[in-house]
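Participant: To be precise about what I am sending: the file is called upload25.txt and holds compact mmCIF, C-alpha atoms.
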# COMPACT_ATOMS: atom_id res chain seq x y z
CA MET A 1480 168.42 119.91 -216.36
CA SER A 1481 168.23 121.92 -213.18
CA VAL A 1482 171.18 123.73 -211.72
CA SER A 1483 171.88 122.67 -208.18
CA ASN A 1484 171.71 126.09 -206.66
CA VAL A 1485 171.47 126.30 -202.90
CA LYS A 1486 170.12 129.70 -202.00
CA ILE A 1487 171.47 129.92 -198.52
CA GLN A 1488 173.42 132.58 -196.74
CA ILE A 1489 175.60 132.10 -193.74
CA VAL A 1490 176.51 134.77 -191.26
CA THR A 1491 179.48 134.84 -188.96
CA GLY A 1492 179.03 136.06 -185.41
CA ASP A 1493 175.77 134.15 -185.07
CA SER A 1494 175.19 131.92 -182.06
CA ARG A 1495 174.37 129.07 -184.47
CA PRO A 1496 177.53 127.44 -185.74
CA ILE A 1497 178.01 127.68 -189.51
CA PHE A 1498 177.39 123.96 -190.06
CA LYS A 1499 174.04 124.32 -188.29
CA GLN A 1500 173.16 127.31 -190.45
CA ILE A 1501 173.78 125.17 -193.54
CA VAL A 1502 171.67 122.31 -192.18
CA ASP A 1503 168.81 124.69 -191.35
CA GLY A 1504 169.15 126.51 -194.66
CA VAL A 1505 169.12 123.37 -196.82
CA ARG A 1506 166.27 121.91 -194.78
CA MET A 1507 164.26 125.07 -195.34
CA GLU A 1508 165.01 125.03 -199.08
CA ILE A 1509 163.83 121.43 -199.25
CA ALA A 1510 160.70 122.13 -197.20
CA THR A 1511 159.69 125.10 -199.35
CA GLY A 1512 160.37 123.35 -202.63
CA GLY A 1513 163.46 125.35 -203.58
CA LEU A 1514 165.28 122.01 -203.77
CA PRO A 1515 162.79 119.44 -205.10
CA VAL A 1516 163.21 115.69 -204.54
CA GLY A 1517 166.00 114.31 -206.70
CA THR A 1518 167.96 117.55 -206.96
CA LYS A 1519 171.70 117.15 -206.72
CA LEU A 1520 173.35 119.24 -204.03
CA PRO A 1521 176.56 121.11 -204.87
CA SER A 1522 179.74 119.21 -204.03
CA VAL A 1523 181.30 119.79 -200.62
CA ARG A 1524 184.06 121.82 -202.22
CA GLY A 1525 181.60 123.71 -204.42
CA LEU A 1526 179.41 124.85 -201.56
CA ALA A 1527 182.48 125.64 -199.44
CA MET A 1528 183.73 127.93 -202.21
CA GLN A 1529 180.31 129.51 -202.66
CA LEU A 1530 180.06 130.29 -198.94
CA MET A 1531 183.82 130.94 -198.43
CA ILE A 1532 184.19 128.51 -195.59
CA ASN A 1533 186.26 125.46 -194.71
CA ALA A 1534 185.14 122.43 -196.72
CA ASN A 1535 185.10 120.28 -193.57
CA THR A 1536 182.28 122.45 -192.22
CA VAL A 1537 180.19 121.71 -195.31
CA ALA A 1538 181.03 118.01 -195.00
CA LYS A 1539 179.82 118.07 -191.40
CA ALA A 1540 176.55 119.71 -192.46
CA TYR A 1541 176.08 117.19 -195.29
CA ASN A 1542 176.64 114.32 -192.84
CA GLU A 1543 174.00 115.75 -190.58
CA LEU A 1544 171.53 116.15 -193.47
CA THR A 1545 172.23 112.58 -194.53
CA ALA A 1546 171.72 111.34 -190.97
CA GLN A 1547 168.40 113.17 -190.86
CA GLY A 1548 167.38 111.42 -194.07
CA LEU A 1549 166.87 114.65 -196.00
CA VAL A 1550 169.50 113.82 -198.60
CA GLU A 1551 171.05 110.57 -199.74
CA PRO A 1552 174.36 109.76 -201.35
CA ARG A 1553 174.45 108.02 -204.73
CA GLN A 1554 177.64 106.14 -205.35
CA GLY A 1555 180.14 108.42 -207.05
CA LEU A 1556 177.55 110.99 -208.02
CA GLY A 1557 177.12 113.07 -204.89
CA LEU A 1558 174.21 113.90 -202.64
CA PHE A 1559 170.60 114.11 -203.75
CA VAL A 1560 167.46 115.37 -202.05
CA SER A 1561 165.61 112.25 -200.95
CA GLU A 1562 161.94 111.32 -200.81
CA PRO A 1563 160.62 112.72 -197.57
CA ARG A 1564 160.57 110.13 -194.82
CA GLN A 1565 160.58 110.36 -191.10
CA LEU A 1566 163.61 109.37 -189.07
CA LEU A 1567 162.74 111.18 -185.89
CA SER A 1568 160.97 109.40 -183.06
CA GLU A 1569 157.40 110.28 -182.17
CA GLU A 1570 158.66 111.82 -178.95
CA GLU A 1571 161.32 113.91 -180.69
CA GLN A 1572 158.76 115.13 -183.21
CA GLN A 1573 156.45 116.19 -180.38
CA LYS A 1574 159.32 118.04 -178.76
CA ARG A 1575 160.26 119.87 -181.95
CA LEU A 1576 156.65 120.75 -182.71
CA LYS A 1577 156.23 122.22 -179.27
CA SER A 1578 159.41 124.24 -179.56
CA ALA A 1579 158.35 125.54 -183.00
CA VAL A 1580 154.92 126.53 -181.68
CA ASP A 1581 156.46 128.23 -178.66
CA ASN A 1582 158.69 130.26 -180.97
CA LEU A 1583 155.76 131.26 -183.14
CA VAL A 1584 153.62 132.25 -180.16
CA ASN A 1585 156.51 134.22 -178.75
CA GLU A 1586 156.90 136.14 -182.02
CA VAL A 1587 153.22 136.92 -182.57
CA ALA A 1588 152.23 137.60 -178.96
CA TYR A 1589 152.94 141.32 -179.19
CA LEU A 1590 151.32 141.85 -182.60
CA ASP A 1591 147.82 143.25 -182.93
CA PHE A 1592 146.33 140.15 -184.58
CA GLY A 1593 143.61 137.96 -183.14
CA SER A 1594 144.00 134.18 -182.91
CA GLU A 1595 141.78 133.74 -185.95
CA GLU A 1596 143.93 135.88 -188.20
CA ILE A 1597 147.09 134.18 -187.01
CA LEU A 1598 145.63 130.72 -187.53
CA ARG A 1599 144.49 131.69 -191.02
CA GLU A 1600 148.03 132.80 -191.94
CA VAL A 1601 149.55 129.64 -190.49
CA GLN A 1602 147.00 127.57 -192.40
CA LYS A 1603 147.90 129.39 -195.62
CA ALA A 1604 151.61 128.76 -195.11
CA LEU A 1605 151.02 125.09 -194.35
CA THR A 1606 148.86 124.60 -197.43
CA LYS A 1607 151.67 126.05 -199.54
CA LEU A 1608 154.14 123.67 -197.88
CA ASP A 1609 151.96 120.61 -198.54
CA GLY A 1610 151.76 121.43 -202.19
CA ALA A 1611 155.40 122.38 -202.56
CA PRO A 1612 157.47 119.31 -203.43
CA GLY A 1613 157.33 118.54 -207.11
CA THR A 1614 155.16 121.49 -208.02
CA ASP A 1615 156.41 124.46 -209.91
CA ASP A 1616 154.71 127.21 -208.00
CA ARG A 1617 158.03 128.79 -207.11
CA ASP A 1618 159.73 128.84 -210.45
CA MET B 297 200.03 108.47 -187.36
CA GLN B 298 202.79 110.77 -186.26
CA ASN B 299 201.72 114.05 -184.67
CA CYS B 300 202.65 117.25 -186.41
CA ILE B 301 203.39 119.11 -183.20
CA GLU B 302 203.82 117.71 -179.74
CA THR B 303 204.90 119.66 -176.68
CA ASN B 304 205.19 118.31 -173.18
CA ASP B 305 205.29 120.58 -170.12
CA LEU B 306 207.06 123.12 -172.28
CA THR B 307 208.24 126.05 -170.19
CA LYS B 308 210.09 129.19 -171.20
CA ARG B 309 211.15 131.77 -168.70
CA PHE B 310 212.52 135.24 -169.47
CA GLY B 311 213.94 136.49 -166.19
CA LYS B 312 210.99 136.70 -163.84
CA LYS B 313 208.42 136.35 -166.58
CA LEU B 314 207.03 132.95 -167.53
CA ALA B 315 206.26 133.17 -171.23
CA LEU B 316 205.12 129.55 -171.45
CA LYS B 317 204.07 127.48 -168.50
CA ASP B 318 203.88 123.66 -168.56
CA PHE B 319 202.50 123.89 -172.06
CA THR B 320 201.30 120.51 -173.33
CA LEU B 321 199.80 120.54 -176.80
CA THR B 322 199.27 117.91 -179.47
CA ILE B 323 198.39 118.82 -183.04
CA GLU B 324 197.65 116.01 -185.45
CA GLN B 325 198.53 116.02 -189.14
CA GLY B 326 196.15 117.86 -191.42
CA GLY B 327 193.51 120.53 -191.01
CA ILE B 328 193.55 124.19 -190.13
CA HIS B 329 194.29 124.91 -186.48
CA ALA B 330 193.56 128.47 -185.35
CA ILE B 331 195.57 129.83 -182.45
CA VAL B 332 194.07 132.71 -180.53
CA GLY B 333 195.57 134.57 -177.63
CA SER B 334 195.97 138.14 -176.41
CA ASN B 335 199.21 139.93 -177.11
CA GLY B 336 201.81 138.40 -174.83
CA ALA B 337 199.97 135.09 -174.48
CA GLY B 338 203.09 133.26 -175.62
CA LYS B 339 202.30 132.53 -179.27
CA SER B 340 205.54 133.91 -180.67
CA THR B 341 207.53 132.20 -177.94
CA LEU B 342 205.85 128.92 -178.83
CA PHE B 343 206.73 129.32 -182.51
CA ARG B 344 210.32 130.23 -181.72
CA LEU B 345 210.67 127.10 -179.60
CA LEU B 346 209.00 124.94 -182.22
CA LEU B 347 211.24 126.28 -184.98
CA GLY B 348 214.28 125.70 -182.81
CA VAL B 349 215.47 129.31 -182.77
CA SER B 350 215.05 129.46 -179.01
CA THR B 351 215.63 126.78 -176.37
CA PRO B 352 213.11 125.84 -173.69
CA THR B 353 213.79 126.39 -169.98
CA SER B 354 212.29 122.96 -169.41
CA GLY B 355 209.99 120.46 -171.10
CA THR B 356 210.13 119.12 -174.63
CA ALA B 357 208.86 120.08 -178.06
CA ARG B 358 208.71 117.92 -181.17
CA LEU B 359 208.09 119.07 -184.71
CA LEU B 360 207.17 116.47 -187.36
CA GLY B 361 208.53 113.85 -184.98
CA ALA B 362 211.90 115.51 -184.43
CA ASP B 363 213.22 117.19 -181.30
CA CYS B 364 213.03 120.96 -181.80
CA ARG B 365 216.43 121.55 -180.20
CA THR B 366 218.22 119.61 -182.90
CA LEU B 367 216.24 120.25 -186.07
CA GLN B 368 217.97 119.18 -189.26
CA PRO B 369 217.65 121.04 -192.59
CA GLU B 370 215.54 118.16 -193.89
CA ILE B 371 212.84 118.87 -191.26
CA ARG B 372 213.15 122.64 -191.58
CA GLY B 373 212.58 122.30 -195.31
CA ARG B 374 209.18 120.77 -194.60
CA VAL B 375 207.96 123.79 -192.65
CA GLY B 376 206.60 127.00 -194.17
CA TYR B 377 206.25 130.26 -192.30
CA VAL B 378 204.39 133.42 -193.24
CA ASN B 379 204.37 136.35 -190.85
CA GLU B 380 202.24 139.45 -190.64
CA GLU B 381 204.86 141.79 -192.04
CA HIS B 382 205.32 139.80 -195.25
CA THR B 383 208.97 140.78 -195.18
CA LEU B 384 210.75 140.14 -198.45
CA PRO B 385 213.90 141.73 -199.85
CA LEU B 386 212.66 145.04 -201.29
CA TRP B 387 215.26 145.27 -204.05
CA MET B 388 214.44 141.93 -205.66
CA LYS B 389 211.93 141.34 -208.41
CA ALA B 390 209.05 138.98 -207.66
CA LYS B 391 210.34 136.42 -210.17
CA GLU B 392 213.87 136.59 -208.74
CA ILE B 393 212.66 135.82 -205.22
CA THR B 394 210.56 132.98 -206.55
CA ALA B 395 213.55 131.47 -208.39
CA HIS B 396 215.65 131.91 -205.27
CA GLN B 397 213.11 130.12 -203.04
CA ARG B 398 212.49 127.38 -205.56
CA ALA B 399 216.15 126.40 -205.41
CA PHE B 400 215.88 125.75 -201.68
CA TYR B 401 212.92 123.42 -201.69
CA PRO B 402 213.15 120.00 -203.36
CA LYS B 403 209.38 119.51 -203.19
CA TRP B 404 208.65 122.85 -204.91
CA ASN B 405 205.42 122.60 -206.90
CA GLN B 406 205.27 125.15 -209.71
CA LYS B 407 201.63 124.33 -210.47
CA THR B 408 200.63 125.19 -206.92
CA PHE B 409 202.64 128.40 -207.10
CA GLU B 410 200.88 129.47 -210.27
CA SER B 411 197.40 128.64 -209.06
CA VAL B 412 197.89 130.54 -205.79
CA ILE B 413 199.53 133.58 -207.37
CA GLY B 414 196.58 133.60 -209.76
CA TYR B 415 194.39 134.89 -206.93
CA PHE B 416 196.60 137.98 -206.70
CA ASP B 417 197.54 140.57 -209.22
CA VAL B 418 201.31 140.30 -208.96
CA ASP B 419 203.47 141.48 -211.85
CA GLN B 420 206.46 139.11 -211.81
CA ASN B 421 208.78 141.84 -213.12
CA GLN B 422 207.87 144.22 -210.36
CA LYS B 423 210.30 144.83 -207.52
CA VAL B 424 209.01 143.93 -204.05
CA ALA B 425 209.30 147.58 -203.02
CA GLY B 426 206.61 148.39 -205.56
CA LEU B 427 204.15 145.71 -204.45
CA SER B 428 201.19 146.52 -202.24
CA ARG B 429 200.81 144.82 -198.89
CA GLY B 430 198.16 142.52 -200.33
CA GLU B 431 200.37 141.57 -203.27
CA ARG B 432 203.30 140.83 -200.97
CA ALA B 433 201.00 138.67 -198.82
CA GLY B 434 199.92 136.83 -201.95
CA LEU B 435 203.50 136.31 -203.14
CA ASN B 436 204.47 135.05 -199.71
CA LEU B 437 201.55 132.63 -199.52
CA SER B 438 202.21 131.37 -203.05
CA MET B 439 205.82 130.59 -202.21
CA ALA B 440 204.92 128.99 -198.89
CA LEU B 441 202.30 126.69 -200.43
CA ALA B 442 204.53 125.85 -203.42
CA GLN B 443 207.08 124.41 -201.00
CA SER B 444 204.47 121.68 -200.36
CA PRO B 445 205.18 122.00 -196.65
CA ASP B 446 203.96 119.42 -194.15
CA LEU B 447 203.45 122.27 -191.72
CA LEU B 448 202.58 125.86 -192.57
CA ILE B 449 202.58 128.48 -189.85
CA LEU B 450 200.69 131.69 -190.64
CA ASP B 451 201.14 134.41 -188.06
CA GLU B 452 198.33 136.95 -188.51
CA PRO B 453 198.75 136.83 -192.27
CA THR B 454 195.76 139.03 -193.11
CA LEU B 455 196.65 141.85 -190.74
CA GLY B 456 196.32 145.16 -192.55
CA LEU B 457 194.99 143.67 -195.79
CA ASP B 458 192.01 145.28 -197.49
CA VAL B 459 188.80 143.28 -198.02
CA VAL B 460 189.72 142.19 -201.53
CA ALA B 461 193.20 140.96 -200.62
CA ARG B 462 191.87 139.31 -197.48
CA GLN B 463 189.22 137.42 -199.44
CA SER B 464 191.78 136.30 -202.05
CA PHE B 465 194.11 135.18 -199.30
CA LEU B 466 191.48 133.03 -197.58
CA GLU B 467 190.25 131.57 -200.85
CA ALA B 468 193.75 130.68 -201.97
CA LEU B 469 194.51 129.16 -198.60
CA MET B 470 191.37 127.03 -198.39
CA PHE B 471 190.75 126.04 -201.98
CA THR B 472 194.10 125.57 -203.66
CA GLU B 473 194.33 121.92 -204.66
CA THR B 474 197.57 120.53 -203.34
CA GLU B 475 198.80 117.01 -203.06
CA ALA B 476 200.30 117.60 -199.65
CA ASN B 477 198.19 117.08 -196.54
CA THR B 478 199.52 120.30 -195.07
CA THR B 479 198.81 121.06 -191.43
CA ILE B 480 198.08 124.77 -191.14
CA ILE B 481 198.56 126.77 -187.96
CA TYR B 482 196.62 129.99 -188.32
CA CYS B 483 197.13 132.79 -185.82
CA SER B 484 194.54 135.50 -186.01
CA HIS B 485 192.49 137.91 -183.98
CA GLN B 486 189.74 138.01 -186.60
CA MET B 487 186.91 135.87 -185.23
CA GLU B 488 185.07 136.09 -188.52
CA GLU B 489 188.02 134.46 -190.31
CA ILE B 490 188.45 131.85 -187.62
CA GLU B 491 184.80 130.89 -187.83
CA ARG B 492 185.15 130.40 -191.58
CA VAL B 493 188.47 128.58 -191.75
CA ALA B 494 189.27 126.75 -188.54
CA ASP B 495 188.88 123.01 -187.97
CA ARG B 496 190.31 123.36 -184.49
CA LEU B 497 190.54 126.26 -182.08
CA ILE B 498 193.51 126.54 -179.75
CA ILE B 499 193.32 129.21 -177.09
CA MET B 500 196.37 130.45 -175.22
CA GLU B 501 196.32 132.76 -172.28
CA ARG B 502 199.31 133.92 -170.26
CA GLY B 503 201.49 131.06 -171.42
CA GLU B 504 198.90 128.38 -170.72
CA LEU B 505 196.74 126.25 -172.99
CA LYS B 506 193.05 126.98 -172.38
CA ASN B 507 191.35 125.11 -175.20
CA ASN B 508 192.03 122.70 -178.04
CA SER B 509 188.80 121.56 -179.69
CA SER B 510 186.60 122.34 -182.68
CA PRO B 511 185.24 125.91 -182.56
CA ASP B 512 181.70 124.55 -182.21
CA ASP B 513 182.62 122.42 -179.20
CA PHE B 514 184.39 125.40 -177.70
CA VAL B 515 181.30 127.62 -177.96
CA GLU B 516 179.34 124.84 -176.21
CA ARG B 517 181.70 125.16 -173.27
CA VAL B 518 180.65 128.74 -172.57
CA SER B 519 177.28 129.80 -171.26
CA TYR B 520 175.86 133.25 -170.78
CA TRP B 521 173.49 134.04 -167.96
CA VAL B 522 171.48 137.10 -167.07
CA ALA B 523 170.30 137.27 -163.49
CA GLU B 524 168.45 139.62 -161.22
CA ILE B 525 170.34 139.42 -157.93
CA PRO B 526 169.19 142.03 -155.39
CA SER B 527 171.92 141.01 -152.94
CA GLY B 528 174.60 141.38 -155.60
CA LEU B 529 176.76 138.80 -157.34
CA PRO B 530 178.46 136.28 -155.01
CA ASP B 531 182.21 136.44 -154.63
CA LYS B 532 183.88 135.69 -157.98
CA GLY B 533 186.00 132.98 -156.40
CA LYS B 534 182.87 131.07 -155.42
CA ILE B 535 181.29 131.08 -158.89
CA PRO B 536 182.08 127.80 -160.66
CA GLY B 537 183.74 128.28 -164.06
CA TYR B 538 183.71 132.06 -163.68
CA LEU B 539 184.94 133.94 -166.76
CA ASN B 540 183.55 137.43 -166.43
CA ALA B 541 180.54 139.40 -165.26
CA ARG B 542 179.12 142.81 -165.94
CA ASP B 543 176.45 144.86 -164.33
CA ILE B 544 174.06 146.23 -166.94
CA GLU B 545 171.22 148.33 -165.58
CA GLY B 546 171.07 146.42 -162.33
CA GLN B 547 171.22 142.97 -163.89
CA CYS B 548 174.23 140.68 -163.71
CA HIS B 549 175.46 139.38 -167.07
CA ILE B 550 177.68 136.41 -166.32
CA LEU B 551 179.79 134.23 -168.59
CA VAL B 552 180.94 130.88 -167.24
CA ALA B 553 182.81 127.90 -168.64
CA ASP B 554 181.81 124.25 -168.50
CA GLN B 555 178.55 124.73 -166.61
CA GLY B 556 175.24 123.04 -167.40
CA ASN B 557 171.73 124.27 -166.84
CA ASP B 558 172.16 123.67 -163.11
CA PHE B 559 174.21 126.86 -163.03
CA GLY B 560 170.82 128.61 -162.98
CA ASP B 561 170.02 126.76 -159.75
CA PHE B 562 173.35 127.86 -158.34
CA LEU B 563 172.46 131.49 -159.05
CA LYS B 564 169.01 131.07 -157.48
CA LYS B 565 170.53 129.54 -154.37
CA ASN B 566 172.73 132.59 -154.15
CA GLY B 567 169.96 135.11 -154.14
CA ALA B 568 168.93 135.45 -157.79
CA THR B 569 165.24 136.24 -158.15
CA ALA B 570 165.16 135.72 -161.93
CA VAL B 571 167.55 133.85 -164.21
CA ALA B 572 167.74 133.53 -168.00
CA ARG B 573 170.22 131.85 -170.29
CA ASN B 574 171.31 133.57 -173.51
CA PRO B 575 172.95 132.12 -176.61
CA VAL B 576 176.66 132.82 -177.15
CA ASN B 577 178.59 133.30 -180.37
CA LEU B 578 182.22 132.42 -181.00
CA GLU B 579 183.54 135.94 -180.55
CA ARG B 580 181.90 136.41 -177.18
CA ALA B 581 183.02 133.00 -176.01
CA VAL B 582 186.63 133.62 -177.03
CA ASN B 583 186.66 137.12 -175.56
CA ALA B 584 185.31 135.77 -172.29
CA PHE B 585 188.26 133.38 -172.10
CA LEU B 586 190.80 136.01 -173.03
CA THR B 587 189.53 138.64 -170.62
CA LYS B 588 189.18 136.24 -167.71
CA ASN B 589 192.09 137.53 -165.69
CA HIS B 590 192.11 141.04 -166.98
CA SER B 591 190.72 143.90 -165.01
CA ALA B 592 187.52 145.47 -166.27
CA PRO B 593 185.57 148.42 -164.97
CA ASP B 594 183.55 146.78 -162.27
CA SER B 595 182.07 148.36 -159.20
CA ARG B 596 182.71 145.27 -157.11
CA ALA B 597 186.46 145.27 -157.84
Write the structure described by the file as structure tokens, please.
Facilitator:
Amino acid sequence: MSVSNVKIQIVTGDSRPIFKQIVDGVRMEIATGGLPVGTKLPSVRGLAMQLMINANTVAKAYNELTAQGLVEPRQGLGLFVSEPRQLLSEEEQQKRLKSAVDNLVNEVAYLDFGSEEILREVQKALTKLDGAPGTDDRD
Amino acid sequence: MQNCIETNDLTKRFGKKLALKDFTLTIEQGGIHAIVGSNGAGKSTLFRLLLGVSTPTSGTARLLGADCRTLQPEIRGRVGYVNEEHTLPLWMKAKEITAHQRAFYPKWNQKTFESVIGYFDVDQNQKVAGLSRGERAGLNLSMALAQSPDLLILDEPTLGLDVVARQSFLEALMFTETEANTTIIYCSHQMEEIERVADRLIIMERGELKNNSSPDDFVERVSYWVAEIPSGLPDKGKIPGYLNARDIEGQCHILVADQGNDFGDFLKKNGATAVARNPVNLERAVNAFLTKNHSAPDSRA
């Protein structure tokens, strides 16, 4: 029996609204295997109390995660991390990939690493990601 | 559904000063509505008019469906009010005040009272004079929520509270299970609190309503631009949605309301050689609105 522990932090004063921080945080936890498929998320009220925020903000984030297909409601039981499936259009995926790559390039441009080293690190991180769901390499 | 608060062209004049000007605001039942405004923006005047202790110069105000000029005890009994001073009779014991209040409110919920007071360390046999500010705030909030009010007005309730008391106050406010669908009006200058608690953000400035939306939608309204303009910033009056601008090391930092990405083109057309758009957080967005008409050190006066 796993405890549904969402290891996310929110910060006030950020330019990302709190609901967006929750969406990003949960998405990251799912992607890195911190929340494996089938894990139950805390209740809206539970996560609101954990983060000390208005429950409606959590509800908004949960709606967004549901709309993105990352979690799914089970009647009367709450929200569960769903099997990964793609809801975004090809075009939208291209757009997000480009924006992610731009961010990465922007961050590494001033570091003293060559392309090869950077690619190797990215490759390493991606390999970890591929193997993450369902494996126990984090616990 | 009936609106909790409804004002229409509400105006209040004190001599030459307009405290509220054609103020039209609708607040639906339920949720936490934060009201932000500089000192003198008209918040207290608005509350006084809503509670019927002051009469408007013109316009109308309705509270829980009733005209604020002729509020009956039945309506007043459905409204709770907590102010920043947490004024309570100093010579009474906590339990005496509680008994006293309980007698006034037919919908008093003892369970709610106990669960809220549980967040605070209040000795019921202690006299109010011996309670700390945080404990008084807690006692006040417990009594206000126990009344099961339809409307609860909190006027800067966490002012002067330490971190522990402040945290207890917010927790008790947000997470106490009550049966009532209480509409909460929350006045505060603490952006951090507002970001955590508010469903809606109402901004008042100089007696006028400037915003009534979710905090997230409000932040979307404001954009922050940094521009290199060798010829200097165009006349403020000509900048669409102008809120404020500062000169930092030769670059113009401009905050504007309700402008899209084409604002960058506007700047370029007006002599900007380089333009960048920065993200904005809630505090900066609110401050930009509140400082709009206030003078700031600025070489271009």
Participant: For CA of Leu384 in chain B and CA of Leu435 in chain B, quote the distance in Å rounded to one decimal.
Facilitator: 9.4 Å
Participant: What is the distance, in Å and to one decimal place, between CA of Val375 in chain B and CA of Leu347 in chain B?
Facilitator: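 These two atoms are separated by 8.7 Å.
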Participant: Listing only residues of chain B within 12 Å of chain A, what is the closest atom pair and its distance in Å (to one decimal) for each, using all atoms listed in the file, sorted by chain and residue number ascending, as JSON lines?
Facilitator:
{"residue": "B:Gly326", "atom": "CA", "partner": "A:Asn1535", "partner_atom": "CA", "distance": 11.5}
{"residue": "B:Gly327", "atom": "CA", "partner": "A:Asn1535", "partner_atom": "CA", "distance": 8.8}
{"residue": "B:Ile328", "atom": "CA", "partner": "A:Asn1533", "partner_atom": "CA", "distance": 8.7}
{"residue": "B:His329", "atom": "CA", "partner": "A:Asn1533", "partner_atom": "CA", "distance": 11.5}
{"residue": "B:Arg462", "atom": "CA", "partner": "A:Met1531", "partner_atom": "CA", "distance": 11.7}
{"residue": "B:Gln463", "atom": "CA", "partner": "A:Met1531", "partner_atom": "CA", "distance": 8.5}
{"residue": "B:Ser464", "atom": "CA", "partner": "A:Met1531", "partner_atom": "CA", "distance": 10.3}
{"residue": "B:Phe465", "atom": "CA", "partner": "A:Met1531", "partner_atom": "CA", "distance": 11.2}
{"residue": "B:Leu466", "atom": "CA", "partner": "A:Met1531", "partner_atom": "CA", "distance": 8.0}
{"residue": "B:Glu467", "atom": "CA", "partner": "A:Met1531", "partner_atom": "CA", "distance": 6.9}
{"residue": "B:Ala468", "atom": "CA", "partner": "A:Met1528", "partner_atom": "CA", "distance": 10.4}
{"residue": "B:Leu469", "atom": "CA", "partner": "A:Asn1533", "partner_atom": "CA", "distance": 9.8}
{"residue": "B:Met470", "atom": "CA", "partner": "A:Asn1533", "partner_atom": "CA", "distance": 6.5}
{"residue": "B:Phe471", "atom": "CA", "partner": "A:Met1528", "partner_atom": "CA", "distance": 7.3}
{"residue": "B:Thr472", "atom": "CA", "partner": "A:Met1528", "partner_atom": "CA", "distance": 10.7}
{"residue": "B:Glu473", "atom": "CA", "partner": "A:Arg1524", "partner_atom": "CA", "distance": 10.6}
{"residue": "B:Gln486", "atom": "CA", "partner": "A:Gly1492", "partner_atom": "CA", "distance": 11.0}
{"residue": "B:Met487", "atom": "CA", "partner": "A:Gly1492", "partner_atom": "CA", "distance": 7.9}
{"residue": "B:Glu488", "atom": "CA", "partner": "A:Thr1491", "partner_atom": "CA", "distance": 5.7}
{"residue": "B:Glu489", "atom": "CA", "partner": "A:Thr1491", "partner_atom": "CA", "distance": 8.7}
{"residue": "B:Ile490", "atom": "CA", "partner": "A:Thr1491", "partner_atom": "CA", "distance": 9.5}
{"residue": "B:Glu491", "atom": "CA", "partner": "A:Thr1491", "partner_atom": "CA", "distance": 6.7}
{"residue": "B:Arg492", "atom": "CA", "partner": "A:Ile1532", "partner_atom": "CA", "distance": 4.5}
{"residue": "B:Val493", "atom": "CA", "partner": "A:Asn1533", "partner_atom": "CA", "distance": 4.8}
{"residue": "B:Ala494", "atom": "CA", "partner": "A:Asn1533", "partner_atom": "CA", "distance": 7.0}
{"residue": "B:Asp495", "atom": "CA", "partner": "A:Asn1535", "partner_atom": "CA", "distance": 7.3}
{"residue": "B:Arg496", "atom": "CA", "partner": "A:Asn1535", "partner_atom": "CA", "distance": 10.9}
{"residue": "B:Ser510", "atom": "CA", "partner": "A:Thr1536", "partner_atom": "CA", "distance": 10.5}
{"residue": "B:Pro511", "atom": "CA", "partner": "A:Pro1496", "partner_atom": "CA", "distance": 8.5}
{"residue": "B:Asp512", "atom": "CA", "partner": "A:Pro1496", "partner_atom": "CA", "distance": 6.2}
{"residue": "B:Asp513", "atom": "CA", "partner": "A:Pro1496", "partner_atom": "CA", "distance": 9.7}
{"residue": "B:Phe514", "atom": "CA", "partner": "A:Pro1496", "partner_atom": "CA", "distance": 10.8}
{"residue": "B:Val515", "atom": "CA", "partner": "A:Ser1494", "partner_atom": "CA", "distance": 8.5}
{"residue": "B:Glu516", "atom": "CA", "partner": "A:Pro1496", "partner_atom": "CA", "distance": 10.0}
{"residue": "B:Val518", "atom": "CA", "partner": "A:Ser1494", "partner_atom": "CA", "distance": 11.4}
{"residue": "B:Ser519", "atom": "CA", "partner": "A:Ser1494", "partner_atom": "CA", "distance": 11.2}
{"residue": "B:Tyr520", "atom": "CA", "partner": "A:Ser1494", "partner_atom": "CA", "distance": 11.4}
{"residue": "B:Asn574", "atom": "CA", "partner": "A:Ser1494", "partner_atom": "CA", "distance": 9.5}
{"residue": "B:Pro575", "atom": "CA", "partner": "A:Ser1494", "partner_atom": "CA", "distance": 5.9}
{"residue": "B:Val576", "atom": "CA", "partner": "A:Ser1494", "partner_atom": "CA", "distance": 5.2}
{"residue": "B:Asn577", "atom": "CA", "partner": "A:Ser1494", "partner_atom": "CA", "distance": 4.0}
{"residue": "B:Leu578", "atom": "CA", "partner": "A:Gly1492", "partner_atom": "CA", "distance": 6.5}
{"residue": "B:Glu579", "atom": "CA", "partner": "A:Gly1492", "partner_atom": "CA", "distance": 6.6}
{"residue": "B:Arg580", "atom": "CA", "partner": "A:Gly1492", "partner_atom": "CA", "distance": 8.7}
{"residue": "B:Ala581", "atom": "CA", "partner": "A:Ser1494", "partner_atom": "CA", "distance": 10.0}
{"residue": "B:Val582", "atom": "CA", "partner": "A:Gly1492", "partner_atom": "CA", "distance": 11.6}
Participant: Rounded to one decimal place, report the CA of Lys403 in chain B-CA of Ser438 in chain B distance in Å.
Facilitator: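 Interatomic distance here is 13.9 Å.
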Participant: Would you list the contacts of Ala1540 in chain A as a PyMOL selection string, taking every protein, DNA or RNA residue within 6 Å and counting all atoms listed in the file, but skipping same-chain residues closer than 3 positions in sequence?
Facilitator: chain A and resi 1498+1502+1537+1543
Participant: Pick the closest to Val1560 in chain A from A:Val1601, A:Leu1520, A:Leu1590, A:Ala1546: which is it, counting only C-alpha atoms?
Facilitator: A:Leu1520
Participant: (209.5, 126.6, -166.5) in this file's frame - what residues fall within 9 Å of it? Use all atoms listed in the file and give the answer as a ChimeraX atom specification.
Facilitator: /B:305-309,314-318,352-355
